[in-house]
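K.L.:
Below is a structure I'd like to ask you about.
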Amino acid sequence: MSVMEIFETMEYGPAPEAAAPGLAWIKEHEPFGLFINNQWVKPASGQYIESINPATGKQLTKVAAANSADVDAAVAAARTAFELWGKTPGHVRARYMYAIARHIQKHSRLLAVLESLDNGKPIRETRDIDIPLVARHFYYYAGWAQLMESQLPDYQPVGVVGQIIPWNFPLLMLAWKIAPALAMGNTVVLKPARYTSLTALKFAEIMQEIGLPPGVVNILTGEASQVGEALVRHPDVNKIAFTGSTDVGRSIRRATAGSGKKLSLELGGKSPFIVFDDADLDSVVEGVVDAIWFNQGQVCCAGSRLLVQENIANRLIEKLRVRMEHLRIGDPLDKAVDIGAIVSPGQLKEIQRLVNQGVEEGAVMWQPSWACPTEGFFFPPTLFTNVSPATIIAQVEIFGPVLVSMTFRTPTEAVELANNTRYGLAASVWSDNINLALDVAPKLKAGSVWINCTNLFDASSGFGGYRESGFGREGGKEGMYEYVRPKWETLETPLEALHIAQDSTPSNGSGSLQDEDGESTFQDLAFGSSNGYVPALPAIDRTPKMFIGGKQARPDSGYSRDIYDPQERMIGQVGEGNRKDIRNAVEAAHAASGWAVGTTHNRAQILYYIAENLSTREDEFARRIVQQTGRPYADAAAEVQVSISRLFSYAAWADKFEGVVHRPPLRGAVLAMPEAIGVMAITCPDEYPLLGFISLVAPALAMGNTLVVVPSQQSPLSATDCYQVLETSDLPNGVVNIVTGDRDTLSQVLADHDDVDGMWYFGPAEGCKQVELASAGNMKRTWVNYGHPRNWLDPVQGEGEEFLRESTQVKNIWIPYGE
Ligand code: NDP
């Protein structure tokens with residue numbers, strides 16, 4: 001027999017991993033309890049739920065089913081623990097985290113076996129990918145715990161964090177959540193998915209082993225309706241971190257709206273896998289295997305849409321079919337197996353339903369000739385061709401080993417097809433032309449882009465979505481900001497307090513602009529005069545319109561709104577904006593998207609120019625502030641000065657808030673690039689009519705966003721006076737659009753708008769809640785003040801990196817190198 005014949009006919013022999021140690025561990029720990037305050041406690045309900053081995057369909061064990069009483073107990077334990085843990089020095093937290101990492105390594109094989117038994121994923125993956133990455137996360141974040149005091153001196157932990165994780169990477173998702181939380185001094189209540197609790201329970205045992213202080217980590221197994229929802233709604237939880245389906249993410253966004261809880265959501269995806277005709281097709285085939293058949297395709301960032309350049313499509317599909325024929329499906333504990341079991345019968349049924357739908361939609365389905373095991377929940381690798389981009393299988397996350405393929409002709413078409421999805425988690429680009437790959441990567445709406453590779457993860461490199469794939473990042477330095485808040489933020493002073501403070505600002509009683517001799521000059525202002533000169537003619541009317549697409553446009557409604565000074569005297573009128581004005585403004589902002597891809601140098605120049613033009617009209621702007629607020633002239637002049645300085649700051653930042661190059665453990669680099677969010681809506685605060693406007697608009701502009709701004713409802717005239725400043729500063733049309741009117745009516749339209757990618761709202765608590773609620777529609781990123789004031793004059797509160805981070809989302813571009 002020739003070598004070639006042996007190579008072609010040789011069957012794999014089974015290489016089974018022993019299940020015995022895992023099964024023995026389970027037996028030893030039955031009945032499983034809940035892990036609260038470092039104790040194993042019985043569930044208040046007395047109920048238990050089955051845990052099934054997906055490869056056999058048989059019961060492995062039962063785990064405790066917590067309910068809201070257990071959630072109360074766990075949150076209380078976490079709150080008590082936070083009082084100490086939150087103040088524990090970073091070095092001490094680092095030591096605990098280092099111990100966790102070491103113990104994960106000590107128990108790595110048991111953890112891998114338990115994970116495969118419980119989830120159905122191949123032991124090769126749990127052993128070589130999941131568990132090593134878990135340890136890596138704790139090591140990496142032990143480092144950030146050590147460095148927190150020096151690297152994040154202005155930040156404090158958030159408090160008690162509720163974490164809800166899915167079943168596809170049970171222990172890895174736990175690590176992604178718990179490691180940064182502990183590093184930053186938070187305490188945790190974590191709910192694993194009901195199908196896959198076992199490794200979280202083994203992890204709890206490790207917490208006891210290393211002597212982590214009681215209450216720092218609490219683990220509650222059970223059902224979403226009993227545990228997940230109670231955790232999300234619990235008033236003493238300060239942050240929710242969730243990974244799972246977009247629908248549940250959306251419901252959590254709504255449930256937490258207005259509560260002031262921080263939120264990070266890592267949701268679904270339908271990630272493109274783009275193959276250009278100069279790619280190495282053999283590598284591409286292995287890439288596809290890793291993209292969609294890794295973990296049975298139950299991966300949020302699975303490359304589930306294969307987009308192939310038309311001239312090589314047939315060749316690639318043929319090669320893929322040959323490879324698929326050789327994939328091995330079966331016992332997850334067999335080391336020679338490529339594809340394990342689907343997590344549950346429900347998930348299996350859903351995959352089958354969507355595949356049937358694809359066939360009904362007219363796509364061509366192909367599966368290998370071999371049959372799946374009949375025991376357990378298995379689904380064969382499946383490839384669809386002849387898929388139309390608008391069909392269900394091309395749009396919906398199937399979350400199984402199902403690949404849909406489509407073709408394109410040009411790079412532009414590839415980008416369009418890739419972005420033709422509501423998701424934006426990841427993308428893979430395959431080409432031997434690095435120029436082409438690096439040109440395409442920034443155009444893809446995705447949080448991770450892998451060049452000539454796929455499904456690579458590392459603690460150093462942030463992971464998270466654009467669009468409806470969620471917001472927030474896990475991993476990297478940006479992942480830490482999800483678990484901290486600024487030190488100055490006390491969240492105790494309601495906005496009203498600031499208004500009272502402003503109203504009580506010393507003035508001449510009428511809150512007027514004063515001459516040096518104390519004479520009121522309100523009158524002067526109303527008639528357009530200073531220096532005591534009173535003109536004989538009435539001032540020319542200056543009723544501002546809207547500012548849309550670089551032009552001043554009349555309000556669609558044809559109505560105006562009266563603007564009053566603090567003494568209830570009318571000082572002007574502005575347009576009453578409505579839904580149509582907002583629609584036009586959003587369209588104009590979209591049309592100006594070239595702003596994001598222009599050079600940062602250019603953006604900096606324009607911000608400097610706006611500052612320059614503002615400074616030539618300092619006096620006029622100061623008087624306008626006095627007129628609207630009744631504050632003393634000196635105070636108003638200071639506000640203008642700070643506004644000019646703030647424009648300078650963001651002009652400076654425009655070309656300095658840059659990404660970093662990560663060095664994960666591979667031959668290559670990861671470029672972490674902060675990118676503009678897109679079209680952003682900004683609702684400005686009432687306090688500081690000019691500075692509030694500039695402090696929000698300038699950072700968002702500096703980072704390349706295009707804006708629809710609703711200025712202060714009470715004092716909009718400082719913003720409308722800026723029209724001319726903007727017009728004369730070379731700002732391209734449509735980059736800033738300003739719509740005046742009723743703050744909350746306009747904000748509601750913006751928050752509901754599907755073409756607005758992000759929204760900031762600085763106003764009353766109720767308005768914040770409405771914005772967060774409505775944002776769930778297209779999962780736009782939001783930043784709101786929950787009705788709490790900021791001192792806009794204070795550079796710590798009113799400017800800086802927090803604003804720049806909120807203006808951007810990080811894209812991680814993975815570039816392996818070497819032959
Ligand atoms: P879910 O989003 O329902 O579940 C994820 C986690 O959230 C689980 O711990 C679940 O608990 C919990 N949960 C569910 N509903 C709520 C709620 N209302 N409030 C709080 N917590 C809740 O995912 P499924 O497991 O149902 O999978 C359905 C689909 O979701 C998959 O087919 C896939 O498309 C997608 N998915 C995406 C993942 C990703 O990584 N992006 C991961 C998993 C699924 P419990 O387990 O008790 O239901």
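Letters A, B, ... mark the chains of the structure tokens in the order given; residue numbers begin at 1 per chain; ligand numbers begin at 1, in order shown.
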As a list of chain:residue names, which residues of region 646-695 of chain A does DSSP assign to helix (DSSP H, G or I)?
P.N.:
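Of region 646-695 of chain A, only A:Arg646, A:Leu647, A:Phe648, A:Ser649, A:Tyr650, A:Ala651, A:Ala652, A:Trp653, A:Ala654, A:Leu691, A:Gly692, A:Phe693, A:Ile694, A:Ser695 fall in helix (DSSP H, G or I).
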K.L.:
Considering only C-alpha atoms and all ligand atoms, give me a table of residues in chain A that are at most 6 Å from ligand 1, with the closest atom pair and distance in Å for each, as JSON lines.
P.N.:
```
{"residue": "A:Ile164", "atom": "CA", "partner": "ligand 1", "partner_atom_place_in_ligand_line": "9 (O)", "distance": 5.2}
{"residue": "A:Ile165", "atom": "CA", "partner": "ligand 1", "partner_atom_place_in_ligand_line": "9 (O)", "distance": 4.7}
{"residue": "A:Pro166", "atom": "CA", "partner": "ligand 1", "partner_atom_place_in_ligand_line": "5 (C)", "distance": 4.2}
{"residue": "A:Trp167", "atom": "CA", "partner": "ligand 1", "partner_atom_place_in_ligand_line": "43 (C)", "distance": 6.0}
{"residue": "A:Asn168", "atom": "CA", "partner": "ligand 1", "partner_atom_place_in_ligand_line": "42 (C)", "distance": 5.8}
{"residue": "A:Pro192", "atom": "CA", "partner": "ligand 1", "partner_atom_place_in_ligand_line": "9 (O)", "distance": 5.1}
{"residue": "A:Ala193", "atom": "CA", "partner": "ligand 1", "partner_atom_place_in_ligand_line": "46 (O)", "distance": 3.4}
{"residue": "A:Arg194", "atom": "CA", "partner": "ligand 1", "partner_atom_place_in_ligand_line": "46 (O)", "distance": 3.9}
{"residue": "A:Gly222", "atom": "CA", "partner": "ligand 1", "partner_atom_place_in_ligand_line": "47 (O)", "distance": 5.8}
{"residue": "A:Glu223", "atom": "CA", "partner": "ligand 1", "partner_atom_place_in_ligand_line": "47 (O)", "distance": 3.6}
{"residue": "A:Ala224", "atom": "CA", "partner": "ligand 1", "partner_atom_place_in_ligand_line": "47 (O)", "distance": 3.7}
{"residue": "A:Gly228", "atom": "CA", "partner": "ligand 1", "partner_atom_place_in_ligand_line": "20 (C)", "distance": 3.5}
{"residue": "A:Glu229", "atom": "CA", "partner": "ligand 1", "partner_atom_place_in_ligand_line": "19 (N)", "distance": 4.1}
{"residue": "A:Thr243", "atom": "CA", "partner": "ligand 1", "partner_atom_place_in_ligand_line": "40 (O)", "distance": 5.6}
{"residue": "A:Gly244", "atom": "CA", "partner": "ligand 1", "partner_atom_place_in_ligand_line": "2 (O)", "distance": 3.7}
{"residue": "A:Ser245", "atom": "CA", "partner": "ligand 1", "partner_atom_place_in_ligand_line": "30 (O)", "distance": 3.6}
{"residue": "A:Val248", "atom": "CA", "partner": "ligand 1", "partner_atom_place_in_ligand_line": "2 (O)", "distance": 5.0}
{"residue": "A:Glu266", "atom": "CA", "partner": "ligand 1", "partner_atom_place_in_ligand_line": "41 (N)", "distance": 6.0}
{"residue": "A:Leu267", "atom": "CA", "partner": "ligand 1", "partner_atom_place_in_ligand_line": "41 (N)", "distance": 4.0}
{"residue": "A:Gly268", "atom": "CA", "partner": "ligand 1", "partner_atom_place_in_ligand_line": "41 (N)", "distance": 3.9}
{"residue": "A:Val299", "atom": "CA", "partner": "ligand 1", "partner_atom_place_in_ligand_line": "40 (O)", "distance": 5.9}
{"residue": "A:Cys300", "atom": "CA", "partner": "ligand 1", "partner_atom_place_in_ligand_line": "41 (N)", "distance": 4.1}
{"residue": "A:Glu397", "atom": "CA", "partner": "ligand 1", "partner_atom_place_in_ligand_line": "34 (O)", "distance": 5.3}
{"residue": "A:Ile398", "atom": "CA", "partner": "ligand 1", "partner_atom_place_in_ligand_line": "34 (O)", "distance": 5.9}
{"residue": "A:Phe399", "atom": "CA", "partner": "ligand 1", "partner_atom_place_in_ligand_line": "34 (O)", "distance": 4.9}
```
K.L.:
Using only C-alpha atoms, determine which residues lie at most 8 Å from region 734-748 of chain A, disregarding the query and same-chain residues fewer than 2 positions distant; provide the list as a PyMOL selection string.
P.N.:
chain A and resi 546-550+561+574-579+581-582+585+588-593+595+683+701+705-713+716+720+731-732+750-752+761+767+770-771+774
K.L.:
Give me the residues near Ser271 (chain A) as a PyMOL selection string, where near means some atom within 12 Å (using only C-alpha atoms) and where sequence neighbours in that chain fewer than 6 positions away do not count.
P.N.:
chain A and resi 288+291-292+297+299-307+394-399+403-405+417-429+444-450+454-455+465-466+469
K.L.:
Residues within 12 Å of Leu281 (chain A), please, as a list in words. Count only C-alpha atoms; anything in the same chain fewer than 5 positions from it doesn't count.
P.N.:
Ile274, Val275, Phe276, Glu286, Gly287, Val288, Val308, Gln309, Ile312, Ala313, Asn314, Arg315, Leu316, Ile317, Glu318, Lys319, Leu320, Arg323, Trp430, Ser431, Asp432 and Asn452 of chain A
